[in-house]
Each structure stands twice: as C-alpha cells, then as structure tokens.
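Participant: Contents of structure.txt (compact mmCIF, C-alpha atoms) are below:
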```
# COMPACT_ATOMS: atom_id res chain seq x y z
CA MET A 11 68.41 -82.64 115.06
CA PRO A 12 65.80 -80.25 116.58
CA LYS A 13 66.40 -76.50 116.50
CA PRO A 14 67.25 -74.85 119.82
CA PHE A 15 64.54 -72.69 121.38
CA ASP A 16 64.99 -69.03 120.38
CA PHE A 17 63.24 -66.83 122.94
CA PHE A 18 63.51 -63.61 120.85
CA ALA A 19 62.17 -65.25 117.68
CA SER A 20 59.20 -66.58 119.66
CA LEU A 21 58.59 -63.17 121.22
CA LYS A 22 58.71 -61.54 117.77
CA THR A 23 56.19 -64.08 116.45
CA LEU A 24 53.79 -63.15 119.24
CA LEU A 25 54.29 -59.37 119.17
CA VAL A 26 54.00 -58.74 115.41
CA PRO A 27 50.25 -59.61 115.25
CA VAL A 28 49.58 -57.63 118.45
CA PHE A 29 51.39 -54.61 116.98
CA PHE A 30 49.47 -54.94 113.69
CA LEU A 31 46.10 -55.07 115.48
CA SER A 32 46.96 -52.09 117.69
CA VAL A 33 47.92 -50.05 114.61
CA LEU A 34 44.56 -50.90 113.02
CA ALA A 35 42.71 -49.92 116.18
CA GLY A 36 44.62 -46.65 116.30
CA CYS A 37 43.54 -45.86 112.73
CA SER A 38 39.89 -46.11 113.69
CA THR A 39 37.91 -42.92 113.36
CA THR A 40 35.72 -43.74 116.32
CA GLY A 41 34.42 -40.52 117.75
CA SER A 42 33.32 -39.78 121.26
CA SER A 43 30.42 -37.71 122.42
CA GLU A 44 31.24 -34.59 124.31
CA GLN A 45 29.01 -32.73 126.70
CA GLY A 46 27.71 -29.48 125.36
CA THR A 47 27.35 -30.53 121.72
CA SER A 48 24.82 -28.43 119.90
CA GLU A 49 21.57 -29.75 118.50
CA ALA A 50 22.97 -29.22 115.00
CA ASP A 51 25.91 -31.49 115.83
CA SER A 52 23.66 -34.27 117.05
CA ALA A 53 21.48 -33.84 113.96
CA ALA A 54 24.49 -34.65 111.79
CA GLN A 55 25.78 -37.65 113.80
CA ILE A 56 26.35 -40.84 111.81
CA THR A 57 27.80 -44.10 113.10
CA VAL A 58 29.53 -46.10 110.36
CA TYR A 59 29.79 -49.88 110.70
CA LYS A 60 32.68 -51.12 108.57
CA SER A 61 35.54 -53.56 108.23
CA PRO A 62 38.79 -52.38 109.83
CA PHE A 63 40.59 -53.33 106.60
CA CYS A 64 38.49 -51.27 104.16
CA LEU A 65 40.18 -48.10 102.91
CA CYS A 66 37.27 -46.81 100.82
CA CYS A 67 35.10 -46.77 103.97
CA ASN A 68 37.59 -44.39 105.58
CA ASP A 69 37.47 -42.21 102.44
CA TRP A 70 33.65 -42.12 102.64
CA ILE A 71 33.92 -41.09 106.30
CA LYS A 72 36.29 -38.27 105.27
CA HIS A 73 33.71 -37.19 102.66
CA LEU A 74 31.01 -37.03 105.35
CA GLU A 75 33.26 -35.14 107.77
CA SER A 76 34.23 -32.60 105.11
CA ASN A 77 30.50 -32.05 104.62
CA ALA A 78 29.90 -31.20 108.32
CA PHE A 79 28.78 -34.62 109.55
CA SER A 80 30.07 -35.87 112.88
CA VAL A 81 31.11 -39.48 112.33
CA ALA A 82 31.86 -42.31 114.70
CA SER A 83 32.92 -45.69 113.35
CA GLU A 84 32.60 -49.21 114.60
CA ASN A 85 35.10 -51.65 113.13
CA ALA A 86 33.76 -55.18 112.72
CA LEU A 87 34.62 -58.01 110.40
CA ASP A 88 30.94 -58.91 110.04
CA THR A 89 28.49 -56.07 109.42
CA ALA A 90 25.71 -58.37 108.19
CA SER A 91 23.69 -58.08 111.41
CA VAL A 92 23.56 -54.27 111.10
CA LYS A 93 22.40 -54.53 107.48
CA GLN A 94 19.80 -57.12 108.50
CA GLN A 95 18.58 -55.01 111.44
CA TRP A 96 17.97 -52.07 109.08
CA LYS A 97 16.34 -54.30 106.43
CA VAL A 98 18.91 -53.46 103.76
CA PRO A 99 18.02 -55.77 100.85
CA PRO A 100 20.95 -57.99 99.79
CA SER A 101 20.96 -56.42 96.30
CA MET A 102 21.37 -52.95 97.86
CA GLN A 103 24.29 -53.75 100.16
CA GLY A 104 27.65 -51.99 100.07
CA CYS A 105 30.83 -52.35 102.07
CA HIS A 106 29.71 -50.20 105.02
CA THR A 107 26.54 -49.07 106.76
CA GLY A 108 25.94 -45.63 108.24
CA VAL A 109 23.22 -45.11 110.83
CA TRP A 110 21.96 -41.60 111.62
CA ASN A 111 20.80 -41.10 115.23
CA ASN A 112 19.48 -44.67 115.29
CA GLN A 113 16.67 -43.53 112.95
CA TYR A 114 17.86 -43.88 109.35
CA VAL A 115 20.35 -46.04 107.47
CA PHE A 116 22.74 -45.01 104.68
CA GLU A 117 24.17 -48.06 102.96
CA GLY A 118 27.32 -47.84 100.89
CA HIS A 119 28.83 -44.76 99.27
CA VAL A 120 25.84 -42.39 99.55
CA PRO A 121 26.82 -38.74 98.87
CA ALA A 122 26.56 -36.39 101.86
CA ARG A 123 24.43 -34.03 99.76
CA LEU A 124 21.79 -36.73 99.30
CA ILE A 125 21.89 -37.71 102.97
CA ARG A 126 21.09 -34.09 103.89
CA GLN A 127 18.35 -33.96 101.23
CA PHE A 128 16.85 -37.19 102.60
CA LEU A 129 17.02 -36.02 106.23
CA ALA A 130 15.31 -32.73 105.32
CA ASN A 131 12.36 -34.57 103.78
CA PRO A 132 12.38 -38.37 104.23
CA PRO A 133 10.12 -40.06 101.67
CA LYS A 134 7.13 -41.71 103.32
CA GLY A 135 7.86 -45.32 104.26
CA SER A 136 11.63 -44.95 103.74
CA VAL A 137 14.25 -45.93 106.28
CA GLY A 138 17.27 -44.63 104.37
CA LEU A 139 19.30 -44.59 101.17
CA ALA A 140 21.59 -47.10 99.47
CA VAL A 141 24.29 -47.13 96.83
CA PRO A 142 24.71 -50.84 96.05
CA GLY A 143 28.19 -52.19 95.41
CA MET A 144 31.10 -49.82 95.07
CA PRO A 145 30.53 -47.57 92.03
CA GLN A 146 33.70 -45.92 90.75
CA GLY A 147 32.15 -42.44 90.75
CA SER A 148 30.80 -42.47 94.31
CA PRO A 149 32.33 -40.64 97.32
CA GLY A 150 35.10 -42.78 98.73
CA MET A 151 35.61 -44.57 95.41
CA TYR A 152 36.15 -41.70 92.97
CA ARG A 153 39.82 -40.86 92.38
CA GLY A 154 39.42 -37.98 89.91
CA LYS A 155 39.33 -40.07 86.73
CA ASN A 156 36.82 -42.26 84.91
CA PHE A 157 33.66 -41.07 86.65
CA GLU A 158 30.78 -43.50 86.22
CA PRO A 159 27.21 -42.32 86.94
CA TYR A 160 25.37 -44.38 89.53
CA VAL A 161 21.93 -44.68 91.11
CA VAL A 162 20.94 -44.03 94.72
CA TYR A 163 17.92 -45.94 96.02
CA ALA A 164 15.50 -45.29 98.89
CA ILE A 165 15.18 -48.30 101.20
CA GLN A 166 11.60 -48.91 102.28
CA SER A 167 10.53 -50.05 105.75
CA ASN A 168 9.11 -53.25 104.21
CA GLY A 169 12.55 -54.24 102.85
CA GLU A 170 11.91 -53.13 99.28
CA TYR A 171 13.65 -50.26 97.52
CA ARG A 172 12.82 -47.52 95.02
CA PHE A 173 14.76 -45.20 92.72
CA TYR A 174 15.81 -42.03 94.57
CA GLU A 175 18.26 -40.16 92.32
CA LYS A 176 20.83 -40.75 89.60
CA VAL A 177 24.21 -39.12 90.27
CA THR A 178 25.67 -37.90 86.99
CA ALA A 179 28.68 -35.88 88.19
CA PRO A 180 31.31 -36.28 90.93
CA GLU A 181 30.33 -34.97 94.35
CA ALA A 182 32.36 -32.24 96.01
CA SER A 183 34.39 -33.53 98.92
```
Kindly transcribe the structure held in the file into structure tokens.
Facilitator:
Amino acid sequence: MPKPFDFFASLKTLLVPVFFLSVLAGCSTTGSSEQGTSEADSAAQITVYKSPFCLCCNDWIKHLESNAFSVASENALDTASVKQQWKVPPSMQGCHTGVWNNQYVFEGHVPARLIRQFLANPPKGSVGLAVPGMPQGSPGMYRGKNFEPYVVYAIQSNGEYRFYEKVTAPEAS
C-alpha cells in the first residue's frame, strides 16, 4: 500500500539543502570595496579563490587579515581555471589561489610575510609564490604542534618554478 503524501516532510526535504547552502554563503568572507580606501589598502588587496567547504582556506584568510591584508573570497567548487589562468604548475597547486590586484598569484598556504617580501621586490620573470599541497606547518594548517618545515617556490611567467625560501619556524598569525 503506498504511503500517503506528507506535505511537511516534502517541504522539509526541500528546505534543508536550501538552508545549508545559505549558511555556507553567509560564512563567506567576501569583501566589498568601499569608496575612499587608501592606496595602502588597495596595495594589500587579495582575492582568494577557494572551495566553500574548505576550512583551512578560511584559516589562511584569517592569517592574511591579521597581517593587514584586505581579503575578498570567491567560493567555487572548481578553482582549476584560476590556477590555469595564472600558469600555476600542477605540482605547485594547493587548495586555494590568492590573486593580488590582478597582478600576482599566491598559491596555497603562502605566509603573509613572504607575500609582502615578494611584493616589495618581485623576482624578475616571477608571477607569484606557491606552497604546494597543504604542509602541516604553513599558515592555515599549523595548529601549534608538530611543525614541519616547508618550501615556498616562485612561479615563473613561463610556467616553471624556482626555490624562493624554506620556512623553518611557524609564522606569527
């Protein structure tokens, strides 16, 4: 015998996913530009392309913000096109991509200190920095225990990469 139609159960089935997606959208750290921002503010603007489900990306954004970067984020399930546009080699890819003023790319958990160092004096032929994978000691991944040193690479405009710096101690938040 078929079950009778339950209007409230059907409504619940439809509303739960809508509620879940609206909560995720509300957690986004998407910023907005305001009139009257100073030149220094625009110099520190980074747009982060990330999955809406990734928590370490949000922690990396918090690291940038606590280091005086203004951050906007774009949630997308597929960030491959951004990585491809910026010629991030597959072996250098991380879980998110930061783009500074549409001029430079910062792939993965790059420390804010090294982003500032790079922006102050970009190596010739470089388009940005990368921390491949998700190293346990990197900003957004480090939880105060079991620090693991990791390497930051400079991404070249021809799609290659070079050693930039080895991080041997946790970064300040």
Participant: Quick one: pull the distance between atom CA of A:Leu87 and atom CA of A:Ser61, Å, one decimal.
Facilitator: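 Here the two named atoms are 5.0 Å from each other.
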Participant: Using only C-alpha atoms, can you tell me which of A:Val161, A:Cys64, A:Val58, A:Leu129 comes closest to A:Glu117?
Facilitator: A:Val58
Participant: Contacts between stretch 171-177 of chain A and stretch 62-154 of chain A, please, where a residue of stretch 62-154 of chain A counts if it comes within 12 Å (with only C-alpha atoms); show its shortest atom pair and distance in Å to one decimal, rows by chain and ascending number, as a tab-separated table.
Facilitator:
```
residue	atom	partner	partner_atom	distance
A:Lys97	CA	A:Tyr171	CA	10.1
A:Val98	CA	A:Tyr171	CA	8.8
A:Pro99	CA	A:Tyr171	CA	7.8
A:Pro100	CA	A:Tyr171	CA	10.9
A:Ser101	CA	A:Tyr171	CA	9.6
A:Met102	CA	A:Tyr171	CA	8.2
A:Gln103	CA	A:Tyr171	CA	11.5
A:His119	CA	A:Val177	CA	11.6
A:Val120	CA	A:Val177	CA	10.0
A:Pro121	CA	A:Val177	CA	9.0
A:Arg123	CA	A:Val177	CA	10.8
A:Leu124	CA	A:Glu175	CA	8.5
A:Ile125	CA	A:Tyr174	CA	11.2
A:Gln127	CA	A:Tyr174	CA	10.8
A:Phe128	CA	A:Tyr174	CA	9.4
A:Pro132	CA	A:Tyr174	CA	10.9
A:Pro133	CA	A:Tyr174	CA	9.3
A:Lys134	CA	A:Arg172	CA	11.6
A:Gly135	CA	A:Tyr171	CA	10.2
A:Ser136	CA	A:Tyr171	CA	8.4
A:Val137	CA	A:Tyr171	CA	9.8
A:Gly138	CA	A:Tyr171	CA	9.6
A:Leu139	CA	A:Tyr174	CA	7.9
A:Ala140	CA	A:Tyr171	CA	8.8
A:Val141	CA	A:Tyr174	CA	10.2
A:Pro142	CA	A:Tyr171	CA	11.2
A:Pro145	CA	A:Val177	CA	10.7
A:Gln146	CA	A:Val177	CA	11.7
A:Gly147	CA	A:Val177	CA	8.6
A:Ser148	CA	A:Val177	CA	8.4
A:Pro149	CA	A:Val177	CA	10.9
```
Participant: Residues as selected, C-alpha atoms, written as a PDB file, in the coordinates of the input, can you do that?
Facilitator:
```
ATOM      1  CA  LYS A  97      16.340 -54.300 106.430  1.00  0.00           C
ATOM      2  CA  VAL A  98      18.910 -53.460 103.760  1.00  0.00           C
ATOM      3  CA  PRO A  99      18.020 -55.770 100.850  1.00  0.00           C
ATOM      4  CA  PRO A 100      20.950 -57.990  99.790  1.00  0.00           C
ATOM      5  CA  SER A 101      20.960 -56.420  96.300  1.00  0.00           C
ATOM      6  CA  MET A 102      21.370 -52.950  97.860  1.00  0.00           C
ATOM      7  CA  GLN A 103      24.290 -53.750 100.160  1.00  0.00           C
ATOM      8  CA  HIS A 119      28.830 -44.760  99.270  1.00  0.00           C
ATOM      9  CA  VAL A 120      25.840 -42.390  99.550  1.00  0.00           C
ATOM     10  CA  PRO A 121      26.820 -38.740  98.870  1.00  0.00           C
ATOM     11  CA  ARG A 123      24.430 -34.030  99.760  1.00  0.00           C
ATOM     12  CA  LEU A 124      21.790 -36.730  99.300  1.00  0.00           C
ATOM     13  CA  ILE A 125      21.890 -37.710 102.970  1.00  0.00           C
ATOM     14  CA  GLN A 127      18.350 -33.960 101.230  1.00  0.00           C
ATOM     15  CA  PHE A 128      16.850 -37.190 102.600  1.00  0.00           C
ATOM     16  CA  PRO A 132      12.380 -38.370 104.230  1.00  0.00           C
ATOM     17  CA  PRO A 133      10.120 -40.060 101.670  1.00  0.00           C
ATOM     18  CA  LYS A 134       7.130 -41.710 103.320  1.00  0.00           C
ATOM     19  CA  GLY A 135       7.860 -45.320 104.260  1.00  0.00           C
ATOM     20  CA  SER A 136      11.630 -44.950 103.740  1.00  0.00           C
ATOM     21  CA  VAL A 137      14.250 -45.930 106.280  1.00  0.00           C
ATOM     22  CA  GLY A 138      17.270 -44.630 104.370  1.00  0.00           C
ATOM     23  CA  LEU A 139      19.300 -44.590 101.170  1.00  0.00           C
ATOM     24  CA  ALA A 140      21.590 -47.100  99.470  1.00  0.00           C
ATOM     25  CA  VAL A 141      24.290 -47.130  96.830  1.00  0.00           C
ATOM     26  CA  PRO A 142      24.710 -50.840  96.050  1.00  0.00           C
ATOM     27  CA  PRO A 145      30.530 -47.570  92.030  1.00  0.00           C
ATOM     28  CA  GLN A 146      33.700 -45.920  90.750  1.00  0.00           C
ATOM     29  CA  GLY A 147      32.150 -42.440  90.750  1.00  0.00           C
ATOM     30  CA  SER A 148      30.800 -42.470  94.310  1.00  0.00           C
ATOM     31  CA  PRO A 149      32.330 -40.640  97.320  1.00  0.00           C
TER      32      PRO A 149
END
```
Participant: Separation of atom CA of A:Ala179 and atom CA of A:Pro159, in Å?
Facilitator: 6.7 Å
Participant: Point out the residue among A:Thr89, A:Asn156, A:Ser83, A:Thr178 with the least atom-to-atom distance to A:Asn68, counting all atoms listed in the file.
Facilitator: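 Result for the nearest residue to A:Asn68: A:Ser83.
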Participant: Any idea what's packed within 9 Å of A:Ala122, counting all atoms listed in the file, ignoring anything in its chain fewer than 3 positions away? Could you give it as a ChimeraX atom specification?
Facilitator: /A:73-74,77-79,125-127,149,181,183
Participant: With distances taken over only C-alpha atoms, which residue among A:Gly118, A:Cys66, A:Lys60, A:Gln113 lies nearest A:Gln95?
Facilitator: A:Gln113
Participant: Using only C-alpha atoms, pick whichever of A:Ala182, A:Val92, A:Phe116, A:Val109 has the shortest atom-to-atom distance to A:Tyr163.
Facilitator: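 Residue with the minimum atom-to-atom distance to A:Tyr163: A:Phe116.
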Participant: Of the candidates A:Trp70, A:Tyr59, A:Trp96, A:Tyr152, which one gets nearest to A:Gly108 if we count all atoms listed in the file?
Facilitator: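 Selected residue with least distance to A:Gly108: A:Tyr59.
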